[in-house]
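Participant: Just one file: my_file_0.pdb, with PDB, C-alpha atoms and all ligand atoms.
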```
ATOM      1  CA  MET A  28       0.000   0.000   0.000
ATOM      2  CA  ASP A  29       1.379   3.394  -1.007
ATOM      3  CA  LEU A  30       0.822   5.553   2.074
ATOM      4  CA  SER A  31       1.821   9.216   1.849
ATOM      5  CA  ARG A  32       2.060  11.506   4.871
ATOM      6  CA  ARG A  33      -1.135  13.248   3.786
ATOM      7  CA  SER A  34      -3.113  10.035   3.329
ATOM      8  CA  PHE A  35      -1.741   8.719   6.639
ATOM      9  CA  LEU A  36      -3.015  11.810   8.476
ATOM     10  CA  LYS A  37      -6.358  11.622   6.692
ATOM     11  CA  THR A  38      -6.684   7.965   7.632
ATOM     12  CA  GLY A  39      -5.844   8.722  11.251
ATOM     13  CA  VAL A  40      -8.300  11.606  11.520
ATOM     14  CA  ALA A  41     -11.009   9.651   9.739
ATOM     15  CA  GLY A  42     -10.387   6.707  12.047
ATOM     16  CA  ALA A  43     -10.640   8.858  15.163
ATOM     17  CA  VAL A  44     -13.806  10.547  13.888
ATOM     18  CA  GLY A  45     -15.200   7.151  12.932
ATOM     19  CA  LEU A  46     -14.527   5.685  16.374
ATOM     20  CA  SER A  47     -16.080   8.713  17.973
ATOM     21  CA  ALA A  48     -19.119   8.438  15.710
ATOM     22  CA  LEU A  49     -19.506   4.788  16.712
ATOM     23  CA  GLY A  50     -19.940   5.876  20.320
ATOM     24  CA  PHE A  51     -16.435   5.287  21.670
ATOM     25  CA  ASP A  52     -15.349   7.850  24.261
ATOM     26  CA  LEU A  53     -11.857   8.972  23.176
ATOM     27  CA  GLN A  54     -11.291  11.448  25.996
ATOM     28  CA  PRO A  55      -9.483   8.991  28.338
ATOM     29  CA  LEU A  56      -7.220   8.015  25.453
ATOM     30  CA  GLN A  57      -6.385  11.636  24.689
ATOM     31  CA  ALA A  58      -5.769  12.400  28.381
ATOM     32  CA  GLN A  59      -3.530   9.343  28.666
ATOM     33  CA  SER A  60      -1.458  10.298  25.608
ATOM     34  CA  SER A  61      -0.850  13.835  26.919
ATOM     35  CA  SER A  62       0.295  12.565  30.329
ATOM     36  CA  LEU A  63       2.656   9.902  28.972
ATOM     37  CA  LYS A  64       5.614  12.288  28.841
ATOM     38  CA  ILE A  65       5.723  12.800  32.602
ATOM     39  CA  SER A  66       4.071   9.598  33.800
ATOM     40  CA  ARG A  67       7.342   7.970  34.952
ATOM     41  CA  THR A  68       9.382  11.051  35.844
ATOM     42  CA  SER A  69      10.809  12.117  39.183
ATOM     43  CA  GLN A  70      10.125  15.721  40.140
ATOM     44  CA  THR A  71      12.604  18.262  41.463
ATOM     45  CA  ARG A  72      11.552  21.668  42.759
ATOM     46  CA  SER A  73      13.796  24.546  41.727
ATOM     47  CA  THR A  74      13.841  28.233  40.794
ATOM     48  CA  CYS A  75      13.825  29.771  37.320
ATOM     49  CA  PRO A  76      17.268  31.403  36.925
ATOM     50  CA  TYR A  77      16.341  33.968  34.289
ATOM     51  CA  CYS A  78      15.128  36.975  36.257
ATOM     52  CA  SER A  79      14.650  38.410  39.723
ATOM     53  CA  VAL A  80      11.000  37.330  39.957
ATOM     54  CA  SER A  81      12.347  33.898  41.010
ATOM     55  CA  CYS A  82       9.407  31.767  39.880
ATOM     56  CA  GLY A  83       9.188  28.254  41.300
ATOM     57  CA  ILE A  84       9.517  25.422  38.790
ATOM     58  CA  ILE A  85       9.188  21.639  38.744
ATOM     59  CA  ILE A  86      11.789  19.757  36.711
ATOM     60  CA  HIS A  87      10.694  16.341  35.435
ATOM     61  CA  THR A  88      13.526  13.850  34.990
ATOM     62  CA  ILE A  89      13.249  10.388  33.499
ATOM     63  CA  GLY A  90      15.676   7.558  34.175
ATOM     64  CA  ASP A  91      16.577   8.440  37.764
ATOM     65  CA  GLY A  92      17.903   5.558  39.827
ATOM     66  CA  ALA A  93      18.024   2.936  37.096
ATOM     67  CA  LYS A  94      21.292   1.142  36.361
ATOM     68  CA  ASN A  95      23.135   2.088  33.166
ATOM     69  CA  VAL A  96      20.687   4.914  32.495
ATOM     70  CA  THR A  97      21.631   8.566  32.213
ATOM     71  CA  PRO A  98      18.910  10.746  33.775
ATOM     72  CA  GLN A  99      17.299  13.002  31.229
ATOM     73  CA  VAL A 100      15.244  16.132  31.874
ATOM     74  CA  VAL A 101      12.110  15.849  29.729
ATOM     75  CA  HIS A 102       9.819  18.594  30.982
ATOM     76  CA  VAL A 103       9.808  21.812  33.042
ATOM     77  CA  GLU A 104       6.655  23.478  34.333
ATOM     78  CA  GLY A 105       5.573  26.097  36.855
ATOM     79  CA  ASP A 106       5.187  24.990  40.468
ATOM     80  CA  PRO A 107       1.510  25.421  41.446
ATOM     81  CA  ASP A 108       2.457  25.415  45.157
ATOM     82  CA  HIS A 109       5.008  28.219  44.831
ATOM     83  CA  PRO A 110       3.808  31.488  46.432
ATOM     84  CA  ILE A 111       5.464  33.731  43.816
ATOM     85  CA  ASN A 112       4.095  32.357  40.548
ATOM     86  CA  ARG A 113       1.495  29.735  41.598
ATOM     87  CA  GLY A 114       2.211  27.562  38.582
ATOM     88  CA  THR A 115       2.538  30.264  35.964
ATOM     89  CA  LEU A 116       5.674  30.935  33.896
ATOM     90  CA  CYS A 117       6.497  33.627  31.369
ATOM     91  CA  PRO A 118       7.731  32.520  27.903
ATOM     92  CA  LYS A 119      11.360  32.511  29.070
ATOM     93  CA  GLY A 120      10.622  30.271  32.029
ATOM     94  CA  ALA A 121       8.365  28.067  29.923
ATOM     95  CA  SER A 122      11.300  27.364  27.577
ATOM     96  CA  LEU A 123      13.704  26.360  30.366
ATOM     97  CA  LEU A 124      13.971  22.827  29.004
ATOM     98  CA  GLN A 125      15.971  24.252  26.098
ATOM     99  CA  ASP A 126      18.367  25.817  28.586
ATOM    100  CA  ILE A 127      18.886  22.582  30.510
ATOM    101  CA  VAL A 128      19.106  20.198  27.550
ATOM    102  CA  ASN A 129      21.442  22.115  25.287
ATOM    103  CA  ASP A 130      24.681  21.102  23.560
ATOM    104  CA  ARG A 131      26.020  24.648  24.028
ATOM    105  CA  ARG A 132      25.588  24.623  27.809
ATOM    106  CA  LEU A 133      28.863  25.389  29.587
ATOM    107  CA  LEU A 134      29.996  22.555  31.843
ATOM    108  CA  LYS A 135      33.608  23.620  32.490
ATOM    109  CA  PRO A 136      35.289  26.795  33.745
ATOM    110  CA  GLN A 137      36.584  29.008  30.970
ATOM    111  CA  VAL A 138      39.119  31.819  30.967
ATOM    112  CA  ARG A 139      39.954  34.509  28.449
ATOM    113  CA  ARG A 140      43.572  35.598  28.947
ATOM    114  CA  PRO A 141      44.664  39.210  28.575
ATOM    115  CA  GLY A 142      45.127  39.955  24.871
ATOM    116  CA  SER A 143      43.508  36.705  23.778
ATOM    117  CA  ASP A 144      40.614  36.591  21.322
ATOM    118  CA  HIS A 145      39.090  33.344  22.590
ATOM    119  CA  TRP A 146      37.985  31.517  25.727
ATOM    120  CA  GLU A 147      39.782  28.363  26.793
ATOM    121  CA  ASP A 148      38.583  25.488  28.970
ATOM    122  CA  ILE A 149      40.515  24.958  32.199
ATOM    123  CA  PRO A 150      40.152  22.303  34.950
ATOM    124  CA  TRP A 151      38.213  23.191  38.101
ATOM    125  CA  ASP A 152      41.321  22.905  40.324
ATOM    126  CA  GLN A 153      43.203  25.362  38.126
ATOM    127  CA  ALA A 154      40.254  27.762  38.071
ATOM    128  CA  ILE A 155      39.975  27.750  41.863
ATOM    129  CA  ASP A 156      43.752  28.226  42.256
ATOM    130  CA  GLU A 157      43.785  31.145  39.799
ATOM    131  CA  ILE A 158      40.802  32.828  41.464
ATOM    132  CA  ALA A 159      42.429  32.455  44.886
ATOM    133  CA  THR A 160      45.773  33.820  43.664
ATOM    134  CA  ARG A 161      44.235  36.859  41.985
ATOM    135  CA  THR A 162      41.881  37.497  44.888
ATOM    136  CA  LYS A 163      44.759  37.614  47.362
ATOM    137  CA  ALA A 164      46.914  39.805  45.115
ATOM    138  CA  LEU A 165      44.077  42.286  44.607
ATOM    139  CA  ARG A 166      43.202  42.409  48.300
ATOM    140  CA  ASP A 167      46.844  42.834  49.314
ATOM    141  CA  ALA A 168      47.108  45.764  46.908
ATOM    142  CA  ASP A 169      43.841  47.543  47.705
ATOM    143  CA  PHE A 170      42.835  46.763  51.307
ATOM    144  CA  ILE A 171      42.118  49.932  53.300
ATOM    145  CA  GLU A 172      42.768  49.736  57.033
ATOM    146  CA  GLN A 173      42.077  53.371  57.896
ATOM    147  CA  ASP A 174      40.267  56.188  56.126
ATOM    148  CA  LYS A 175      41.754  59.646  55.605
ATOM    149  CA  ASN A 176      40.684  60.685  59.119
ATOM    150  CA  GLY A 177      42.562  57.813  60.708
ATOM    151  CA  LYS A 178      39.397  55.891  61.509
ATOM    152  CA  THR A 179      39.729  52.094  61.254
ATOM    153  CA  VAL A 180      37.522  50.816  58.400
ATOM    154  CA  ASN A 181      39.122  47.521  57.215
ATOM    155  CA  ARG A 182      37.415  47.555  53.837
ATOM    156  CA  TRP A 183      38.180  46.316  50.336
ATOM    157  CA  GLU A 184      36.488  48.477  47.699
ATOM    158  CA  SER A 185      37.936  47.003  44.496
ATOM    159  CA  MET A 186      36.036  43.714  44.907
ATOM    160  CA  ALA A 187      32.285  43.160  44.570
ATOM    161  CA  PHE A 188      30.000  40.145  44.738
ATOM    162  CA  ALA A 189      26.771  39.629  42.773
ATOM    163  CA  GLY A 190      24.450  36.710  43.563
ATOM    164  CA  GLY A 191      21.526  35.218  41.658
ATOM    165  CA  CYS A 192      17.917  34.324  42.387
ATOM    166  CA  THR A 193      18.683  30.603  42.560
ATOM    167  CA  ASP A 194      21.051  31.073  45.503
ATOM    168  CA  THR A 195      19.632  29.590  48.677
ATOM    169  CA  ASN A 196      19.430  31.356  52.040
ATOM    170  CA  GLU A 197      22.223  29.115  53.298
ATOM    171  CA  PHE A 198      24.456  29.973  50.340
ATOM    172  CA  ASN A 199      23.796  33.685  50.774
ATOM    173  CA  TYR A 200      24.550  33.429  54.499
ATOM    174  CA  LEU A 201      27.963  31.944  53.681
ATOM    175  CA  VAL A 202      28.559  34.560  50.973
ATOM    176  CA  VAL A 203      27.933  37.423  53.385
ATOM    177  CA  LYS A 204      30.109  35.843  56.085
ATOM    178  CA  SER A 205      33.025  35.148  53.742
ATOM    179  CA  MET A 206      32.866  38.436  51.829
ATOM    180  CA  ARG A 207      32.496  40.582  54.938
ATOM    181  CA  SER A 208      35.400  38.723  56.566
ATOM    182  CA  MET A 209      37.602  39.905  53.686
ATOM    183  CA  GLY A 210      36.323  43.471  53.954
ATOM    184  CA  VAL A 211      34.115  43.452  50.850
ATOM    185  CA  THR A 212      31.418  46.100  51.192
ATOM    186  CA  CYS A 213      29.757  45.869  47.762
ATOM    187  CA  LEU A 214      27.372  42.913  47.938
ATOM    188  CA  GLU A 215      24.408  42.659  45.597
ATOM    189  CA  ASN A 216      21.850  40.079  44.567
ATOM    190  CA  GLN A 217      19.750  39.882  41.426
ATOM    191  CA  ALA A 218      16.659  38.838  43.377
ATOM    192  CA  ARG A 219      14.665  40.612  46.040
ATOM    193  CA  VAL A 220      13.233  37.491  47.628
TER
HETATM  194  S1  LIG B   1       9.454  32.459  34.608
HETATM  195 FE1  LIG B   1       9.780  34.471  33.693
HETATM  196  S2  LIG B   1       9.126  35.930  35.288
HETATM  197 FE2  LIG B   1       9.455  33.944  36.296
HETATM  198  S3  LIG B   1      11.611  34.011  37.046
HETATM  199 FE3  LIG B   1      11.601  33.034  35.016
HETATM  200  S4  LIG B   1      12.040  34.706  33.590
HETATM  201 FE4  LIG B   1      11.356  35.648  35.512
END
```
So, in terms of structure tokens, how does the structure I just supplied come out?
Facilitator:
Amino acid sequence: MDLSRRSFLKTGVAGAVGLSALGFDLQPLQAQSSSLKISRTSQTRSTCPYCSVSCGIIIHTIGDGAKNVTPQVVHVEGDPDHPINRGTLCPKGASLLQDIVNDRRLLKPQVRRPGSDHWEDIPWDQAIDEIATRTKALRDADFIEQDKNGKTVNRWESMAFAGGCTDTNEFNYLVVKSMRSMGVTCLENQARV
């Protein structure tokens, strides 16, 4: 039988209409087909990272816990129990799946050296060592013990820290403790939650 895409669709539609006309209730079938995608997923609550509104999301992952299976995120939706968005998402949040499952997603630290025209991948250990080295050098150079009136201030004005809306309270607590201990006064966060 020579079955083109058009005739296949026509056959399918005609079949569905025919079944419906014969008195079959197709609604359970349609409901079942739309729920198949998330029927065997595990759910993880998280926060949309795109803007300071900080909408709550539910990430559906398939394959969790099974041997020889790589977990795969298959769906992201608004969290109906979240007090900020109550299940709604704007178009950016609604497309979060494309952010999570994306070949261009950065998974390694990158550095662009002075004068270079490209970014290079570096190992995590090297990235942490380089950040620590530069942080100490900058603090040693710029730390202010006393202001011009001789008042002790112990501050470091050439360093700033900016957090994001997905940072937890615990993370932010540690950020403030560690940054303040070094004398950093410029702390900011994208979110107002
Ligand atoms: S879903 Fe939209 S409004 Fe909500 S945090 Fe994400 S980007 Fe902001």
Participant: I'd like the neighbourhood of stretch 189-205 of chain A as a VMD selection string, where a residue qualifies if any of its atoms comes within 12 Å (using all atoms listed in the file), though same-chain residues fewer than 4 positions away should be ignored.
Facilitator: chain A and resid 72 to 84 209 to 220
Participant: What does the structure give for the distance between atom CA of A:Met186 and atom CA of A:Ile171, in Å to one decimal?
Facilitator: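 Separating atom CA of A:Met186 from atom CA of A:Ile171 is a distance of 12.1 Å.
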Participant: Name the residues captured by the PyMOL selection byres (((chain A and resi 150-152) around 12) and not hetatm) when it is applied to the shown file; answer as a PDB file with C-alpha atoms, in the coordinates of the input.
Facilitator:
```pdb
ATOM      1  CA  LEU A 134      29.996  22.555  31.843  1.00  0.00           C
ATOM      2  CA  LYS A 135      33.608  23.620  32.490  1.00  0.00           C
ATOM      3  CA  PRO A 136      35.289  26.795  33.745  1.00  0.00           C
ATOM      4  CA  GLN A 137      36.584  29.008  30.970  1.00  0.00           C
ATOM      5  CA  VAL A 138      39.119  31.819  30.967  1.00  0.00           C
ATOM      6  CA  GLU A 147      39.782  28.363  26.793  1.00  0.00           C
ATOM      7  CA  ASP A 148      38.583  25.488  28.970  1.00  0.00           C
ATOM      8  CA  ILE A 149      40.515  24.958  32.199  1.00  0.00           C
ATOM      9  CA  GLN A 153      43.203  25.362  38.126  1.00  0.00           C
ATOM     10  CA  ALA A 154      40.254  27.762  38.071  1.00  0.00           C
ATOM     11  CA  ILE A 155      39.975  27.750  41.863  1.00  0.00           C
ATOM     12  CA  ASP A 156      43.752  28.226  42.256  1.00  0.00           C
ATOM     13  CA  GLU A 157      43.785  31.145  39.799  1.00  0.00           C
ATOM     14  CA  ILE A 158      40.802  32.828  41.464  1.00  0.00           C
ATOM     15  CA  ALA A 159      42.429  32.455  44.886  1.00  0.00           C
TER      16      ALA A 159
END
```
Participant: Using all atoms listed in the file, which of A:Ser208, A:Thr162, A:Thr115, A:Asn181 sits nearest ligand LIG 1 (chain B)?
Facilitator: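 With all atoms listed in the file as the atom set, the closest residue is A:Thr115.
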Participant: How far is it from atom CA of A:Ile86 to atom CA of A:Ile111, in Å with one decimal?
Facilitator: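 Spanning atom CA of A:Ile86 to atom CA of A:Ile111 is a straight-line distance of 16.9 Å.
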Participant: Please rebuild stretch 166-195 of chain A with N, CA and C atoms and give the result as a short mmCIF file (atom, residue, chain, number, x, y, z; two decimals), in the frame of the given file.
Facilitator:
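The resulting file, rebuild.cif, is reproduced below:
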```cif
data_model
loop_
_atom_site.label_atom_id
_atom_site.label_comp_id
_atom_site.auth_asym_id
_atom_site.auth_seq_id
_atom_site.Cartn_x
_atom_site.Cartn_y
_atom_site.Cartn_z
N ARG A 166 43.49 41.95 46.93
CA ARG A 166 43.20 42.41 48.30
C ARG A 166 44.45 43.00 48.95
N ASP A 167 45.59 42.31 48.74
CA ASP A 167 46.84 42.83 49.31
C ASP A 167 47.14 44.24 48.79
N ALA A 168 46.79 44.47 47.52
CA ALA A 168 47.11 45.76 46.91
C ALA A 168 46.14 46.86 47.33
N ASP A 169 44.86 46.50 47.55
CA ASP A 169 43.84 47.54 47.70
C ASP A 169 43.20 47.65 49.09
N PHE A 170 43.52 46.76 50.01
CA PHE A 170 42.84 46.76 51.31
C PHE A 170 43.09 48.09 52.05
N ILE A 171 42.02 48.64 52.59
CA ILE A 171 42.12 49.93 53.30
C ILE A 171 41.89 49.68 54.79
N GLU A 172 42.92 49.93 55.58
CA GLU A 172 42.77 49.74 57.03
C GLU A 172 42.15 50.95 57.70
N GLN A 173 42.58 52.14 57.29
CA GLN A 173 42.08 53.37 57.90
C GLN A 173 41.68 54.37 56.82
N ASP A 174 40.64 55.15 57.09
CA ASP A 174 40.27 56.19 56.13
C ASP A 174 41.15 57.42 56.33
N LYS A 175 40.88 58.48 55.58
CA LYS A 175 41.75 59.65 55.60
C LYS A 175 41.74 60.36 56.96
N ASN A 176 40.75 60.07 57.79
CA ASN A 176 40.68 60.68 59.12
C ASN A 176 41.31 59.81 60.20
N GLY A 177 41.92 58.70 59.75
CA GLY A 177 42.56 57.81 60.71
C GLY A 177 41.61 56.84 61.39
N LYS A 178 40.38 56.79 60.91
CA LYS A 178 39.40 55.89 61.51
C LYS A 178 39.55 54.49 60.91
N THR A 179 39.58 53.47 61.75
CA THR A 179 39.73 52.09 61.25
C THR A 179 38.48 51.66 60.49
N VAL A 180 38.66 51.22 59.23
CA VAL A 180 37.52 50.82 58.40
C VAL A 180 37.65 49.37 57.89
N ASN A 181 38.89 48.90 57.68
CA ASN A 181 39.12 47.52 57.22
C ASN A 181 38.21 47.14 56.05
N ARG A 182 38.29 47.87 54.96
CA ARG A 182 37.42 47.56 53.84
C ARG A 182 38.21 47.37 52.54
N TRP A 183 37.56 46.67 51.62
CA TRP A 183 38.18 46.32 50.34
C TRP A 183 37.21 46.73 49.24
N GLU A 184 37.46 47.87 48.61
CA GLU A 184 36.49 48.48 47.70
C GLU A 184 36.64 48.04 46.24
N SER A 185 37.75 47.38 45.90
CA SER A 185 37.94 47.00 44.50
C SER A 185 37.35 45.63 44.17
N MET A 186 36.67 45.02 45.12
CA MET A 186 36.04 43.71 44.91
C MET A 186 34.55 43.85 45.17
N ALA A 187 33.73 43.17 44.35
CA ALA A 187 32.28 43.16 44.57
C ALA A 187 31.77 41.74 44.36
N PHE A 188 30.61 41.46 44.93
CA PHE A 188 30.00 40.15 44.74
C PHE A 188 28.56 40.33 44.30
N ALA A 189 28.16 39.60 43.24
CA ALA A 189 26.77 39.63 42.77
C ALA A 189 26.20 38.22 42.79
N GLY A 190 25.10 38.03 43.49
CA GLY A 190 24.45 36.71 43.56
C GLY A 190 23.27 36.62 42.62
N GLY A 191 22.67 35.44 42.55
CA GLY A 191 21.53 35.22 41.66
C GLY A 191 20.32 34.70 42.41
N CYS A 192 19.16 34.69 41.72
CA CYS A 192 17.92 34.32 42.39
C CYS A 192 17.85 32.85 42.76
N THR A 193 18.72 32.02 42.20
CA THR A 193 18.68 30.60 42.56
C THR A 193 19.55 30.30 43.79
N ASP A 194 20.25 31.30 44.30
CA ASP A 194 21.05 31.07 45.50
C ASP A 194 20.13 30.87 46.71
N THR A 195 20.46 29.87 47.51
CA THR A 195 19.63 29.59 48.68
C THR A 195 19.98 30.53 49.83
#
```
